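Visitor: Handing you a structure now.
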Amino acid sequence: IGLDLSRHMLRRAAYKLEAYKDHAPLLWCPAETLPFADNTYDVVTCLESLEFMTRPQLVLHELVRVLRPGGLLLMSNRINTRLMPGKTWTREQLTEIFAQMDIEEAEVEAWQEDYHQVWAIKVGDSTPTGARPLDEFLCCPRCRKSLLLRQTSAWVCEECGGKARIAPDGVIELSPMI
């Protein structure tokens, strides 16, 4: 699943993933309010993007929230702060943030000139879920009470009546729904 707040980037991704559209859903949604239940994913990635978020620590909490116990978080942490003052974390700050979350081990390693790569494991253990259909875990971002149901041109919440349009390029547009 690809998720982004930039509709332009999702349009490009939809074009490049056209052959895989049935296996790689794309969602237009802010990362601060992920539309998934707790403990949903075996692996969550967030690469070269946290420093562009308005509230990166909230996004990090969301990434860990949707990760199943024992699941793996792979993220990047910008280390070149020249263009991002106040929008990045030192290795020590990141370690302190993880200590306040359900992360039992985190490894920070050199990756690129501007980034560290971070591998983190969520506390606990559970059976991997593997790939599943989106209708098994896509929650309503408006009421957060129920799963969205797929219809022909939209995903609909039976609880609050909210609708997320499926655009002609296949992107599920959750952002206007919130």
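Simple scheme: letters A, B, ... for chains in structure tokens order, numbers from 1 for residues in each chain, numbers from 1 for ligands in the order shown.
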Write out as a list in words the set of residues from stretch 27-65 of chain A that DSSP, computed on the backbone, places in strand (DSSP E or B).

Guide: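 DSSP on the backbone gives strand (DSSP E or B) at Leu27, Trp28, Phe36, Tyr41, Asp42, Val43, Val44, Thr45 and Cys46 of chain A.
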
Visitor: Output C-alpha atoms for every residue in the selection just made, as a PDB file, in the first residue's frame.

Guide:
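Below is the file part-v1.pdb, written as the result:
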ATOM      1  CA  LEU A  27      -4.252   6.125  -0.763  1.00  0.00           C
ATOM      2  CA  TRP A  28      -4.461   9.917  -0.622  1.00  0.00           C
ATOM      3  CA  PHE A  36      -5.860   1.337   9.673  1.00  0.00           C
ATOM      4  CA  TYR A  41       1.007  -4.639   9.354  1.00  0.00           C
ATOM      5  CA  ASP A  42       4.021  -6.959   9.459  1.00  0.00           C
ATOM      6  CA  VAL A  43       6.266  -4.270   7.965  1.00  0.00           C
ATOM      7  CA  VAL A  44       5.881  -0.495   7.741  1.00  0.00           C
ATOM      8  CA  THR A  45       8.251   1.758   5.803  1.00  0.00           C
ATOM      9  CA  CYS A  46       8.665   5.517   5.749  1.00  0.00           C
TER      10      CYS A  46
END

Visitor: With only C-alpha atoms counted and 12 Å as the cut-off, give the residues of stretch 15-56 of chain A in contact with stretch 93-112 of chain A, each with its shortest interatomic distance in Å and the pair that gives it, as JSON lines.

Guide:
{"residue": "A:Asn39", "atom": "CA", "partner": "A:Asp102", "partner_atom": "CA", "distance": 11.3}
{"residue": "A:Leu47", "atom": "CA", "partner": "A:Trp111", "partner_atom": "CA", "distance": 11.3}
{"residue": "A:Glu48", "atom": "CA", "partner": "A:Gln112", "partner_atom": "CA", "distance": 10.6}
{"residue": "A:Pro56", "atom": "CA", "partner": "A:Ile97", "partner_atom": "CA", "distance": 11.2}

Visitor: Quick one: write out the picked residues with N, CA and C atoms as a CSV table (one decimal), in the first residue's frame?

Guide:
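Generated file (out38.csv):
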chain,number,residue,atom,x,y,z
A,39,ASN,N,-2.1,-2.6,15.1
A,39,ASN,CA,-1.5,-3.9,14.9
A,39,ASN,C,-1.8,-4.6,13.6
A,47,LEU,N,10.2,6.3,4.1
A,47,LEU,CA,11.6,6.7,3.6
A,47,LEU,C,11.6,8.1,3.1
A,48,GLU,N,12.6,8.8,3.5
A,48,GLU,CA,12.9,10.2,3.0
A,48,GLU,C,11.6,11.1,3.1
A,56,PRO,N,6.1,15.3,12.7
A,56,PRO,CA,6.8,14.0,12.4
A,56,PRO,C,6.7,13.0,13.6

Visitor: Determine, for each residue of stretch 128-150 of chain A having at least one atom at most 10 Å from an atom of stretch 2-25 of chain A, the closest pair of atoms and their separation in Å to one decimal, counting only C-alpha atoms; order by chain and ascending number, as a tab-separated table.

Guide:
residue	atom	partner	partner_atom	distance
A:Ala131	CA	A:His23	CA	9.3
A:Arg132	CA	A:His23	CA	9.7
A:Pro133	CA	A:His23	CA	8.7
A:Leu134	CA	A:Pro25	CA	7.9

Visitor: Ranking A:Leu67, A:Ala164, A:Val156, A:Ala31 by minimum distance to A:Pro176 and counting only C-alpha atoms, which one comes first?

Guide: A:Ala164

Visitor: Go ahead and compute the interatomic distance for atom CA of A:Ala154 and atom CA of A:Met177, in Å to one decimal.

Guide: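 Rounded to one decimal, the two atoms are 11.2 Å apart.
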
Visitor: Using DSSP on the backbone, list every residue of stretch 29-69 of chain A that comes out as alpha helix (DSSP H), and give them as a PyMOL selection string.

Guide: chain A and resi 56-65

Visitor: Since we have the selection now, will you write its residues out, keeping N, CA and C atoms, as a PDB file, in the first residue's frame?

Guide:
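New file again_31.pdb:
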ATOM      1  N   PRO A  56       6.096  15.288  12.673  1.00  0.00           N
ATOM      2  CA  PRO A  56       6.767  14.015  12.427  1.00  0.00           C
ATOM      3  C   PRO A  56       6.682  13.027  13.586  1.00  0.00           C
ATOM      4  N   GLN A  57       6.674  13.519  14.818  1.00  0.00           N
ATOM      5  CA  GLN A  57       6.594  12.579  15.940  1.00  0.00           C
ATOM      6  C   GLN A  57       5.224  11.904  15.990  1.00  0.00           C
ATOM      7  N   LEU A  58       4.173  12.622  15.638  1.00  0.00           N
ATOM      8  CA  LEU A  58       2.836  12.024  15.560  1.00  0.00           C
ATOM      9  C   LEU A  58       2.796  10.968  14.463  1.00  0.00           C
ATOM     10  N   VAL A  59       3.425  11.258  13.336  1.00  0.00           N
ATOM     11  CA  VAL A  59       3.487  10.275  12.244  1.00  0.00           C
ATOM     12  C   VAL A  59       4.220   9.026  12.717  1.00  0.00           C
ATOM     13  N   LEU A  60       5.314   9.196  13.421  1.00  0.00           N
ATOM     14  CA  LEU A  60       6.063   8.052  13.931  1.00  0.00           C
ATOM     15  C   LEU A  60       5.206   7.216  14.881  1.00  0.00           C
ATOM     16  N   HIS A  61       4.433   7.873  15.729  1.00  0.00           N
ATOM     17  CA  HIS A  61       3.509   7.145  16.613  1.00  0.00           C
ATOM     18  C   HIS A  61       2.486   6.346  15.801  1.00  0.00           C
ATOM     19  N   GLU A  62       1.982   6.934  14.732  1.00  0.00           N
ATOM     20  CA  GLU A  62       1.018   6.236  13.868  1.00  0.00           C
ATOM     21  C   GLU A  62       1.659   5.027  13.191  1.00  0.00           C
ATOM     22  N   LEU A  63       2.893   5.185  12.722  1.00  0.00           N
ATOM     23  CA  LEU A  63       3.588   4.064  12.075  1.00  0.00           C
ATOM     24  C   LEU A  63       3.738   2.895  13.038  1.00  0.00           C
ATOM     25  N   VAL A  64       4.079   3.193  14.271  1.00  0.00           N
ATOM     26  CA  VAL A  64       4.242   2.137  15.278  1.00  0.00           C
ATOM     27  C   VAL A  64       2.870   1.570  15.680  1.00  0.00           C
ATOM     28  N   ARG A  65       1.861   2.401  15.767  1.00  0.00           N
ATOM     29  CA  ARG A  65       0.510   1.956  16.154  1.00  0.00           C
ATOM     30  C   ARG A  65      -0.016   0.888  15.197  1.00  0.00           C
TER      31      ARG A  65
END

Visitor: Within 12 Å of A:Arg82, counting only C-alpha atoms, which residues show up once you throw out same-chain ones fewer than 5 positions away? Write them as a PyMOL selection string, please.

Guide: chain A and resi 87-88+114

Visitor: I need the residue nearest A:Leu73 from this list: A:Trp119, A:Phe137, A:Phe52, A:Trp155. Use only C-alpha atoms for the distance.

Guide: A:Trp119

Visitor: Near A:Lys145, counting only C-alpha atoms, which residues have an atom at most 12 Å away, once you skip same-chain residues fewer than 5 positions from it, shown as a list in words?

Guide: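 Listed by chain and then number, they are Pro35, Phe36, Ala37, Phe137, Leu138, Cys139, Cys140, Cys157, Glu158, Glu159, Cys160, Gly161 and Gly162 of chain A.
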
Visitor: Would you put the residues from that selection into a file with all heavy atoms, as an mmCIF file, in the first residue's frame?

Guide:
data_model
loop_
_atom_site.group_PDB
_atom_site.id
_atom_site.type_symbol
_atom_site.label_atom_id
_atom_site.label_comp_id
_atom_site.auth_asym_id
_atom_site.auth_seq_id
_atom_site.Cartn_x
_atom_site.Cartn_y
_atom_site.Cartn_z
ATOM 1 N N PRO A 35 -5.495 5.344 8.209
ATOM 2 C CA PRO A 35 -6.824 4.719 8.251
ATOM 3 C C PRO A 35 -6.784 3.196 8.436
ATOM 4 O O PRO A 35 -7.427 2.455 7.694
ATOM 5 C CB PRO A 35 -7.402 5.103 6.882
ATOM 6 C CG PRO A 35 -6.202 5.098 5.986
ATOM 7 C CD PRO A 35 -5.076 5.640 6.842
ATOM 8 N N PHE A 36 -6.018 2.770 9.422
ATOM 9 C CA PHE A 36 -5.860 1.337 9.673
ATOM 10 C C PHE A 36 -5.997 1.066 11.157
ATOM 11 O O PHE A 36 -5.645 1.906 11.991
ATOM 12 C CB PHE A 36 -4.492 0.844 9.192
ATOM 13 C CG PHE A 36 -4.139 1.287 7.804
ATOM 14 C CD1 PHE A 36 -3.080 2.148 7.584
ATOM 15 C CD2 PHE A 36 -4.872 0.854 6.710
ATOM 16 C CE1 PHE A 36 -2.744 2.576 6.307
ATOM 17 C CE2 PHE A 36 -4.550 1.287 5.422
ATOM 18 C CZ PHE A 36 -3.489 2.146 5.229
ATOM 19 N N ALA A 37 -6.452 -0.133 11.483
ATOM 20 C CA ALA A 37 -6.568 -0.537 12.886
ATOM 21 C C ALA A 37 -5.183 -0.730 13.500
ATOM 22 O O ALA A 37 -4.184 -0.893 12.781
ATOM 23 C CB ALA A 37 -7.360 -1.842 12.981
ATOM 24 N N PHE A 137 -9.053 -4.280 6.285
ATOM 25 C CA PHE A 137 -8.431 -3.433 7.303
ATOM 26 C C PHE A 137 -8.481 -1.933 7.022
ATOM 27 O O PHE A 137 -7.971 -1.149 7.816
ATOM 28 C CB PHE A 137 -6.977 -3.856 7.534
ATOM 29 C CG PHE A 137 -6.137 -3.868 6.294
ATOM 30 C CD1 PHE A 137 -5.494 -2.730 5.875
ATOM 31 C CD2 PHE A 137 -5.995 -5.032 5.552
ATOM 32 C CE1 PHE A 137 -4.722 -2.731 4.725
ATOM 33 C CE2 PHE A 137 -5.219 -5.051 4.413
ATOM 34 C CZ PHE A 137 -4.581 -3.894 3.993
ATOM 35 N N LEU A 138 -9.112 -1.484 5.944
ATOM 36 C CA LEU A 138 -9.209 -0.056 5.661
ATOM 37 C C LEU A 138 -10.337 0.549 6.494
ATOM 38 O O LEU A 138 -11.516 0.259 6.273
ATOM 39 C CB LEU A 138 -9.451 0.199 4.174
ATOM 40 C CG LEU A 138 -9.503 1.654 3.738
ATOM 41 C CD1 LEU A 138 -8.192 2.380 4.051
ATOM 42 C CD2 LEU A 138 -9.829 1.759 2.250
ATOM 43 N N CYS A 139 -9.964 1.364 7.468
ATOM 44 C CA CYS A 139 -10.935 1.956 8.400
ATOM 45 C C CYS A 139 -11.366 3.337 7.936
ATOM 46 O O CYS A 139 -10.637 4.031 7.233
ATOM 47 C CB CYS A 139 -10.307 2.100 9.795
ATOM 48 S SG CYS A 139 -9.896 0.544 10.561
ATOM 49 N N CYS A 140 -12.530 3.738 8.390
ATOM 50 C CA CYS A 140 -13.039 5.072 8.086
ATOM 51 C C CYS A 140 -12.173 6.108 8.805
ATOM 52 O O CYS A 140 -12.077 6.079 10.034
ATOM 53 C CB CYS A 140 -14.489 5.203 8.545
ATOM 54 S SG CYS A 140 -15.157 6.853 8.258
ATOM 55 N N CYS A 157 -18.440 4.284 4.380
ATOM 56 C CA CYS A 157 -18.565 3.912 5.788
ATOM 57 C C CYS A 157 -20.048 3.778 6.129
ATOM 58 O O CYS A 157 -20.809 4.740 5.998
ATOM 59 C CB CYS A 157 -17.921 4.984 6.676
ATOM 60 S SG CYS A 157 -18.108 4.638 8.441
ATOM 61 N N GLU A 158 -20.461 2.606 6.561
ATOM 62 C CA GLU A 158 -21.855 2.399 6.949
ATOM 63 C C GLU A 158 -22.197 3.116 8.248
ATOM 64 O O GLU A 158 -23.338 3.434 8.508
ATOM 65 C CB GLU A 158 -22.153 0.906 7.084
ATOM 66 C CG GLU A 158 -22.216 0.185 5.760
ATOM 67 C CD GLU A 158 -22.660 -1.253 5.910
ATOM 68 O OE1 GLU A 158 -22.348 -1.892 6.949
ATOM 69 O OE2 GLU A 158 -23.324 -1.749 4.987
ATOM 70 N N GLU A 159 -21.186 3.380 9.075
ATOM 71 C CA GLU A 159 -21.403 4.023 10.372
ATOM 72 C C GLU A 159 -21.733 5.509 10.226
ATOM 73 O O GLU A 159 -22.714 5.993 10.765
ATOM 74 C CB GLU A 159 -20.163 3.845 11.251
ATOM 75 C CG GLU A 159 -20.301 4.364 12.652
ATOM 76 C CD GLU A 159 -21.191 3.505 13.535
ATOM 77 O OE1 GLU A 159 -21.298 2.296 13.300
ATOM 78 O OE2 GLU A 159 -21.795 4.069 14.467
ATOM 79 N N CYS A 160 -20.890 6.267 9.498
ATOM 80 C CA CYS A 160 -21.077 7.727 9.416
ATOM 81 C C CYS A 160 -21.508 8.206 8.033
ATOM 82 O O CYS A 160 -21.789 9.387 7.848
ATOM 83 C CB CYS A 160 -19.811 8.457 9.857
ATOM 84 S SG CYS A 160 -18.437 8.365 8.676
ATOM 85 N N GLY A 161 -21.530 7.298 7.046
ATOM 86 C CA GLY A 161 -21.941 7.680 5.699
ATOM 87 C C GLY A 161 -20.850 8.332 4.865
ATOM 88 O O GLY A 161 -21.093 8.737 3.739
ATOM 89 N N GLY A 162 -19.648 8.438 5.406
ATOM 90 C CA GLY A 162 -18.549 9.044 4.665
ATOM 91 C C GLY A 162 -18.189 8.231 3.434
ATOM 92 O O GLY A 162 -18.350 7.010 3.417
#

Visitor: For atom CA of A:Arg78 and atom CA of A:His116, determine how far apart the two atoms are, in Å to one decimal place.

Guide: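 Separation between atom CA of A:Arg78 and atom CA of A:His116: 6.3 Å.
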
Visitor: Of the candidates A:Ile1, A:Ile172, A:Leu83, A:Leu34, which shows the shortest atom-to-atom distance to A:Pro141, using only C-alpha atoms?

Guide: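 With only C-alpha atoms as the atom set, the closest residue is A:Leu34.
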
Visitor: Measuring atom to atom with only C-alpha atoms, identify which of A:Ser175, A:Gly170, A:Leu74, A:Val66 is nearest to A:Ala120.

Guide: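 Among the listed residues, A:Leu74 lies closest to A:Ala120.
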